[in-house]
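Asker: Following this message is one structure expressed as structure tokens.
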Amino acid sequence: MIVFDNVWFSYGNRDVLKGISFNANFDERIAVLGESGGGKTTILKLILGLIAPDKGKILIDGIDITELGEEELIPVRRKFSIVFQEGALFDSLPVKENVAFFMREILKLPDEKIYSRVNELLSRVGVHGSEELMPEELSGGMHRRVAIARALAVGKTKMFLYDEPTAGLDPINSERIMSLIEDLANKENIGFMIITHVVYVAWQLCNRFIFIKDGSIIFDGNKKELISTEIAAVKDFIKELFFKVS
């Protein structure tokens with residue numbers, strides 16, 4: 001379980017998160033919604049211990065991670081498969097070496113096992129045959145799929161974390177990534193947390209919605225509660241649903 005207990009975080013003098021609290025089970029399918037720059041990605045970084053809160057506690061499986069050092073955070077981070085918005089592939093490495101990186105540098109597996117696993121993962125995300133391509137040669141959709149393959153290379157995890165998984169993609173590739181996210185969650189039998197400002201993506205994939213505005217959680221509920229909310233900021237944000245969802 002993930003627990004945020006009165007978490008505050010600021011960049012300089014700007015408060016990004018103002019005492020937010022929530023619990024999340026690893027098998028949930030959660031969307032964190034809100035305007036750009038509202039602190040959504042900050043939540044993922046806090047979960048992974050990439051940054052530390054100014055105040056409050058963050059517990060992962062009952063362990064307060066806010067005071068842990070880098071070595072102590074490694075087993076915490078391995079509980080998650082993370083895909084950041086831009087994929088964060090190494091520009092200087094071809095696709096196969098991007099996916100192989102964790103297995104070679106951390107797990108120290110032999111090449112035979114590494115490349116067998118690379119081929120398996122690239123096939124799984126639908127980009128088999130791209131092994132020798134460089135990141136700059138990939139389309140936006142392919143880039144995101146390779147990033148997901150690399151995230152899967154860490155092995156069995158407890159939850160997927162996605163930062164704006166469809167950002168910058170055309171409608172066809174957005175649908176492909178959404179289908180892949182759902183398929184992986186079903187096959188791995190684990191949940192995910194998606195950071196997005198596209199409410200339609202959240203609606204299609206998730207069954208719990210956390211809405212952040214001005215650094216605070218102003219809504220946390222299911223689909224029925226979302227579409228019936230009387231919170232003005234949330235109603236305005238989700239109005240596109242009434243044009244896309246019958």
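Every chain in the structure tokens takes a letter, A first, then B, and so on in the order presented; its residues are numbered from 1, and the ligands are numbered from 1 following the presented order.
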With a distance cut-off of 7 Å and only C-alpha atoms, select the neighbouring residues of range 33-37 of chain A, excluding the residue or stretch itself and same-chain residues fewer than 5 positions from it, and output the selection as a PDB file with N, CA, C and O atoms, in the first residue's frame.
Answerer:
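What ended up in part-v6.pdb:
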ATOM      1  N   ILE A 195      -0.630   9.535 -14.224  1.00  0.00           N
ATOM      2  CA  ILE A 195      -0.652  10.984 -14.120  1.00  0.00           C
ATOM      3  C   ILE A 195      -1.063  11.527 -15.486  1.00  0.00           C
ATOM      4  O   ILE A 195      -0.431  11.218 -16.492  1.00  0.00           O
ATOM      5  N   THR A 196      -2.131  12.295 -15.543  1.00  0.00           N
ATOM      6  CA  THR A 196      -2.595  12.797 -16.837  1.00  0.00           C
ATOM      7  C   THR A 196      -3.449  14.046 -16.665  1.00  0.00           C
ATOM      8  O   THR A 196      -4.010  14.282 -15.598  1.00  0.00           O
ATOM      9  N   HIS A 197      -3.496  14.847 -17.714  1.00  0.00           N
ATOM     10  CA  HIS A 197      -4.441  15.964 -17.745  1.00  0.00           C
ATOM     11  C   HIS A 197      -5.525  15.695 -18.781  1.00  0.00           C
ATOM     12  O   HIS A 197      -6.381  16.539 -19.020  1.00  0.00           O
ATOM     13  N   ILE A 210      -8.266  10.931  -8.570  1.00  0.00           N
ATOM     14  CA  ILE A 210      -7.817  11.909  -7.582  1.00  0.00           C
ATOM     15  C   ILE A 210      -7.542  13.211  -8.324  1.00  0.00           C
ATOM     16  O   ILE A 210      -6.755  13.238  -9.273  1.00  0.00           O
ATOM     17  N   PHE A 211      -8.208  14.274  -7.914  1.00  0.00           N
ATOM     18  CA  PHE A 211      -8.082  15.564  -8.600  1.00  0.00           C
ATOM     19  C   PHE A 211      -7.341  16.540  -7.698  1.00  0.00           C
ATOM     20  O   PHE A 211      -7.733  16.768  -6.562  1.00  0.00           O
ATOM     21  N   ILE A 212      -6.262  17.123  -8.247  1.00  0.00           N
ATOM     22  CA  ILE A 212      -5.449  18.071  -7.494  1.00  0.00           C
ATOM     23  C   ILE A 212      -5.607  19.471  -8.069  1.00  0.00           C
ATOM     24  O   ILE A 212      -5.523  19.671  -9.286  1.00  0.00           O
ATOM     25  N   LYS A 213      -5.840  20.429  -7.200  1.00  0.00           N
ATOM     26  CA  LYS A 213      -5.921  21.825  -7.601  1.00  0.00           C
ATOM     27  C   LYS A 213      -5.273  22.686  -6.525  1.00  0.00           C
ATOM     28  O   LYS A 213      -5.549  22.515  -5.335  1.00  0.00           O
TER      29      LYS A 213
END
Asker: Among range 131-246 of chain A, which residues carry a DSSP assignment of helix (DSSP H, G or I), reported as number ranges by chain?
Answerer: A: 135-137, 140-152, 171-188, 199-205, 223-227, 232-237, 241-244
Asker: I need the chosen residues saved as a PDB file, in the first residue's frame, with C-alpha atoms.
Answerer:
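As written to disk, result34.pdb reads:
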ATOM      1  CA  PRO A 135      15.704   6.521 -30.003  1.00  0.00           C
ATOM      2  CA  GLU A 136      15.753   9.408 -32.497  1.00  0.00           C
ATOM      3  CA  GLU A 137      14.545   7.016 -35.204  1.00  0.00           C
ATOM      4  CA  GLY A 140       6.345   8.866 -30.571  1.00  0.00           C
ATOM      5  CA  GLY A 141       4.252   5.746 -30.089  1.00  0.00           C
ATOM      6  CA  MET A 142       7.211   3.409 -30.555  1.00  0.00           C
ATOM      7  CA  HIS A 143       9.300   5.465 -28.152  1.00  0.00           C
ATOM      8  CA  ARG A 144       6.645   5.101 -25.461  1.00  0.00           C
ATOM      9  CA  ARG A 145       6.341   1.340 -26.089  1.00  0.00           C
ATOM     10  CA  VAL A 146      10.103   0.838 -25.779  1.00  0.00           C
ATOM     11  CA  ALA A 147      10.016   2.806 -22.535  1.00  0.00           C
ATOM     12  CA  ILE A 148       7.328   0.448 -21.247  1.00  0.00           C
ATOM     13  CA  ALA A 149       9.428  -2.566 -22.304  1.00  0.00           C
ATOM     14  CA  ARG A 150      12.379  -1.152 -20.373  1.00  0.00           C
ATOM     15  CA  ALA A 151      10.162  -0.633 -17.323  1.00  0.00           C
ATOM     16  CA  LEU A 152       9.069  -4.271 -17.541  1.00  0.00           C
ATOM     17  CA  PRO A 171      -5.311   9.525 -31.445  1.00  0.00           C
ATOM     18  CA  ILE A 172      -4.352   6.162 -32.994  1.00  0.00           C
ATOM     19  CA  ASN A 173      -1.156   5.803 -30.980  1.00  0.00           C
ATOM     20  CA  SER A 174      -2.916   7.072 -27.864  1.00  0.00           C
ATOM     21  CA  GLU A 175      -5.445   4.245 -28.204  1.00  0.00           C
ATOM     22  CA  ARG A 176      -2.627   1.738 -28.728  1.00  0.00           C
ATOM     23  CA  ILE A 177      -0.830   2.861 -25.575  1.00  0.00           C
ATOM     24  CA  MET A 178      -4.078   2.776 -23.593  1.00  0.00           C
ATOM     25  CA  SER A 179      -4.762  -0.769 -24.784  1.00  0.00           C
ATOM     26  CA  LEU A 180      -1.218  -1.801 -23.872  1.00  0.00           C
ATOM     27  CA  ILE A 181      -1.523  -0.324 -20.368  1.00  0.00           C
ATOM     28  CA  GLU A 182      -4.771  -2.186 -19.770  1.00  0.00           C
ATOM     29  CA  ASP A 183      -3.441  -5.443 -21.244  1.00  0.00           C
ATOM     30  CA  LEU A 184      -0.293  -5.381 -19.120  1.00  0.00           C
ATOM     31  CA  ALA A 185      -2.250  -4.690 -15.942  1.00  0.00           C
ATOM     32  CA  ASN A 186      -4.592  -7.590 -16.702  1.00  0.00           C
ATOM     33  CA  LYS A 187      -1.800 -10.037 -17.513  1.00  0.00           C
ATOM     34  CA  GLU A 188       0.405  -9.020 -14.587  1.00  0.00           C
ATOM     35  CA  VAL A 199      -9.661  13.103 -18.616  1.00  0.00           C
ATOM     36  CA  TYR A 200     -10.789  10.791 -21.448  1.00  0.00           C
ATOM     37  CA  VAL A 201      -7.647   8.644 -21.026  1.00  0.00           C
ATOM     38  CA  ALA A 202      -8.297   8.463 -17.289  1.00  0.00           C
ATOM     39  CA  TRP A 203     -11.949   7.550 -17.826  1.00  0.00           C
ATOM     40  CA  GLN A 204     -11.135   4.720 -20.230  1.00  0.00           C
ATOM     41  CA  LEU A 205      -8.510   3.114 -18.005  1.00  0.00           C
ATOM     42  CA  LYS A 223     -16.668   7.050 -11.923  1.00  0.00           C
ATOM     43  CA  LYS A 224     -20.167   7.526 -10.600  1.00  0.00           C
ATOM     44  CA  GLU A 225     -18.976  10.099  -8.089  1.00  0.00           C
ATOM     45  CA  LEU A 226     -16.858  11.833 -10.726  1.00  0.00           C
ATOM     46  CA  ILE A 227     -19.639  12.484 -13.199  1.00  0.00           C
ATOM     47  CA  ALA A 232     -17.051  23.417  -9.933  1.00  0.00           C
ATOM     48  CA  ALA A 233     -13.364  22.988 -10.814  1.00  0.00           C
ATOM     49  CA  VAL A 234     -13.815  19.259 -11.382  1.00  0.00           C
ATOM     50  CA  LYS A 235     -17.009  19.711 -13.394  1.00  0.00           C
ATOM     51  CA  ASP A 236     -15.244  22.153 -15.702  1.00  0.00           C
ATOM     52  CA  PHE A 237     -12.240  19.860 -16.085  1.00  0.00           C
ATOM     53  CA  LEU A 241     -16.401  13.463 -21.180  1.00  0.00           C
ATOM     54  CA  PHE A 242     -19.929  14.476 -22.099  1.00  0.00           C
ATOM     55  CA  PHE A 243     -18.844  14.702 -25.736  1.00  0.00           C
ATOM     56  CA  LYS A 244     -16.842  11.450 -25.822  1.00  0.00           C
TER      57      LYS A 244
END
Asker: Looking at only C-alpha atoms, which of A:Val16, A:Glu120, A:Val32, A:Glu72 is the one that sits closest to Ile194 in chain A?
Answerer: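 Smallest separation from Ile194 in chain A among the options: A:Val32.
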Asker: Based on the backbone DSSP call, show me all residues of range 126-243 of chain A assigned strand (DSSP E or B), as a PyMOL selection string.
Answerer: chain A and resi 159-163+191-195+208-213+216-221
Asker: Which neighbours of Leu121 in chain A fall inside 12 Å, counting only C-alpha atoms, when residues of the same chain fewer than 3 positions from it are skipped, and could you give them as a VMD selection string?
Answerer: chain A and resid 95 to 96 98 to 100 114 to 118 124 to 131 145 to 155 184
Asker: Quick one: write out the picked residues with N, CA, C and O atoms as a compact mmCIF listing (two decimals), in the first residue's frame?
Answerer:
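That gives us out-v1.txt:
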# COMPACT_ATOMS: atom_id res chain seq x y z
N VAL A 95 17.76 0.59 -29.23
CA VAL A 95 16.61 0.08 -28.48
C VAL A 95 16.98 -1.12 -27.62
O VAL A 95 16.64 -1.18 -26.43
N LYS A 96 17.66 -2.09 -28.19
CA LYS A 96 17.93 -3.32 -27.44
C LYS A 96 18.78 -3.06 -26.20
O LYS A 96 18.59 -3.69 -25.15
N ASN A 98 18.87 -0.14 -24.54
CA ASN A 98 18.02 0.58 -23.59
C ASN A 98 17.23 -0.40 -22.73
O ASN A 98 17.16 -0.27 -21.51
N VAL A 99 16.65 -1.40 -23.38
CA VAL A 99 15.84 -2.38 -22.65
C VAL A 99 16.74 -3.28 -21.81
O VAL A 99 16.36 -3.71 -20.71
N ALA A 100 17.95 -3.53 -22.29
CA ALA A 100 18.88 -4.44 -21.59
C ALA A 100 19.57 -3.78 -20.40
O ALA A 100 20.13 -4.49 -19.55
N ILE A 114 19.90 -11.97 -21.39
CA ILE A 114 19.48 -10.58 -21.59
C ILE A 114 18.75 -10.42 -22.92
O ILE A 114 17.64 -9.89 -22.98
N TYR A 115 19.36 -10.87 -24.00
CA TYR A 115 18.77 -10.62 -25.32
C TYR A 115 17.55 -11.47 -25.58
O TYR A 115 16.65 -11.08 -26.34
N SER A 116 17.48 -12.62 -24.96
CA SER A 116 16.26 -13.42 -25.05
C SER A 116 15.11 -12.66 -24.40
O SER A 116 14.00 -12.60 -24.94
N ARG A 117 15.39 -12.06 -23.24
CA ARG A 117 14.38 -11.29 -22.52
C ARG A 117 14.03 -10.00 -23.27
O ARG A 117 12.86 -9.60 -23.34
N VAL A 118 15.03 -9.36 -23.87
CA VAL A 118 14.79 -8.15 -24.68
C VAL A 118 13.83 -8.45 -25.82
O VAL A 118 12.85 -7.72 -26.04
N ARG A 124 6.27 -8.25 -26.78
CA ARG A 124 5.11 -8.06 -25.90
C ARG A 124 4.48 -6.68 -26.07
O ARG A 124 3.26 -6.53 -26.01
N VAL A 125 5.32 -5.66 -26.29
CA VAL A 125 4.78 -4.30 -26.45
C VAL A 125 4.57 -3.92 -27.92
O VAL A 125 4.21 -2.79 -28.23
N GLY A 126 4.82 -4.86 -28.82
CA GLY A 126 4.49 -4.65 -30.22
C GLY A 126 5.50 -3.88 -31.04
O GLY A 126 5.14 -3.26 -32.05
N VAL A 127 6.78 -3.93 -30.66
CA VAL A 127 7.80 -3.24 -31.45
C VAL A 127 8.97 -4.17 -31.79
O VAL A 127 10.11 -3.74 -31.92
N HIS A 128 8.69 -5.47 -31.90
CA HIS A 128 9.74 -6.41 -32.29
C HIS A 128 10.27 -6.02 -33.67
O HIS A 128 9.52 -5.66 -34.57
N GLY A 129 11.59 -6.08 -33.82
CA GLY A 129 12.22 -5.68 -35.07
C GLY A 129 12.87 -4.31 -34.99
O GLY A 129 13.55 -3.87 -35.92
N SER A 130 12.69 -3.64 -33.86
CA SER A 130 13.25 -2.30 -33.69
C SER A 130 14.55 -2.32 -32.89
O SER A 130 15.05 -1.27 -32.50
N GLU A 131 15.10 -3.50 -32.66
CA GLU A 131 16.22 -3.66 -31.73
C GLU A 131 17.41 -2.74 -32.03
O GLU A 131 18.05 -2.22 -31.12
N ARG A 145 6.41 2.79 -26.26
CA ARG A 145 6.34 1.34 -26.09
C ARG A 145 7.69 0.76 -25.64
O ARG A 145 7.74 -0.14 -24.81
N VAL A 146 8.77 1.29 -26.20
CA VAL A 146 10.10 0.84 -25.78
C VAL A 146 10.34 1.21 -24.32
O VAL A 146 10.91 0.43 -23.55
N ALA A 147 9.88 2.39 -23.93
CA ALA A 147 10.02 2.81 -22.54
C ALA A 147 9.26 1.86 -21.61
O ALA A 147 9.72 1.53 -20.51
N ILE A 148 8.10 1.40 -22.04
CA ILE A 148 7.33 0.45 -21.25
C ILE A 148 8.06 -0.89 -21.18
O ILE A 148 8.12 -1.53 -20.12
N ALA A 149 8.65 -1.32 -22.30
CA ALA A 149 9.43 -2.57 -22.30
C ALA A 149 10.59 -2.47 -21.33
O ALA A 149 10.88 -3.42 -20.58
N ARG A 150 11.26 -1.33 -21.31
CA ARG A 150 12.38 -1.15 -20.37
C ARG A 150 11.89 -1.19 -18.93
O ARG A 150 12.56 -1.73 -18.05
N ALA A 151 10.72 -0.60 -18.68
CA ALA A 151 10.16 -0.63 -17.32
C ALA A 151 9.85 -2.07 -16.90
O ALA A 151 10.02 -2.44 -15.74
N LEU A 152 9.39 -2.88 -17.84
CA LEU A 152 9.07 -4.27 -17.54
C LEU A 152 10.32 -5.11 -17.28
O LEU A 152 10.24 -6.17 -16.66
N ALA A 153 11.46 -4.64 -17.75
CA ALA A 153 12.70 -5.41 -17.63
C ALA A 153 13.15 -5.57 -16.18
O ALA A 153 13.99 -6.43 -15.88
N VAL A 154 12.60 -4.79 -15.27
CA VAL A 154 13.01 -4.91 -13.87
C VAL A 154 12.42 -6.17 -13.22
O VAL A 154 12.79 -6.54 -12.12
N GLY A 155 11.50 -6.81 -13.92
CA GLY A 155 10.90 -8.02 -13.38
C GLY A 155 9.56 -7.76 -12.74
O GLY A 155 8.95 -6.70 -12.94
N LEU A 184 -1.37 -5.04 -20.04
CA LEU A 184 -0.29 -5.38 -19.12
C LEU A 184 -0.81 -5.52 -17.69
O LEU A 184 -0.42 -6.44 -16.96
Asker: If I take CA of Asp5 in chain A and CA of Leu68 in chain A, how far is one from the other in Å, to one decimal?
Answerer: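 One can read the CA of Asp5 in chain A to CA of Leu68 in chain A distance as 16.5 Å.
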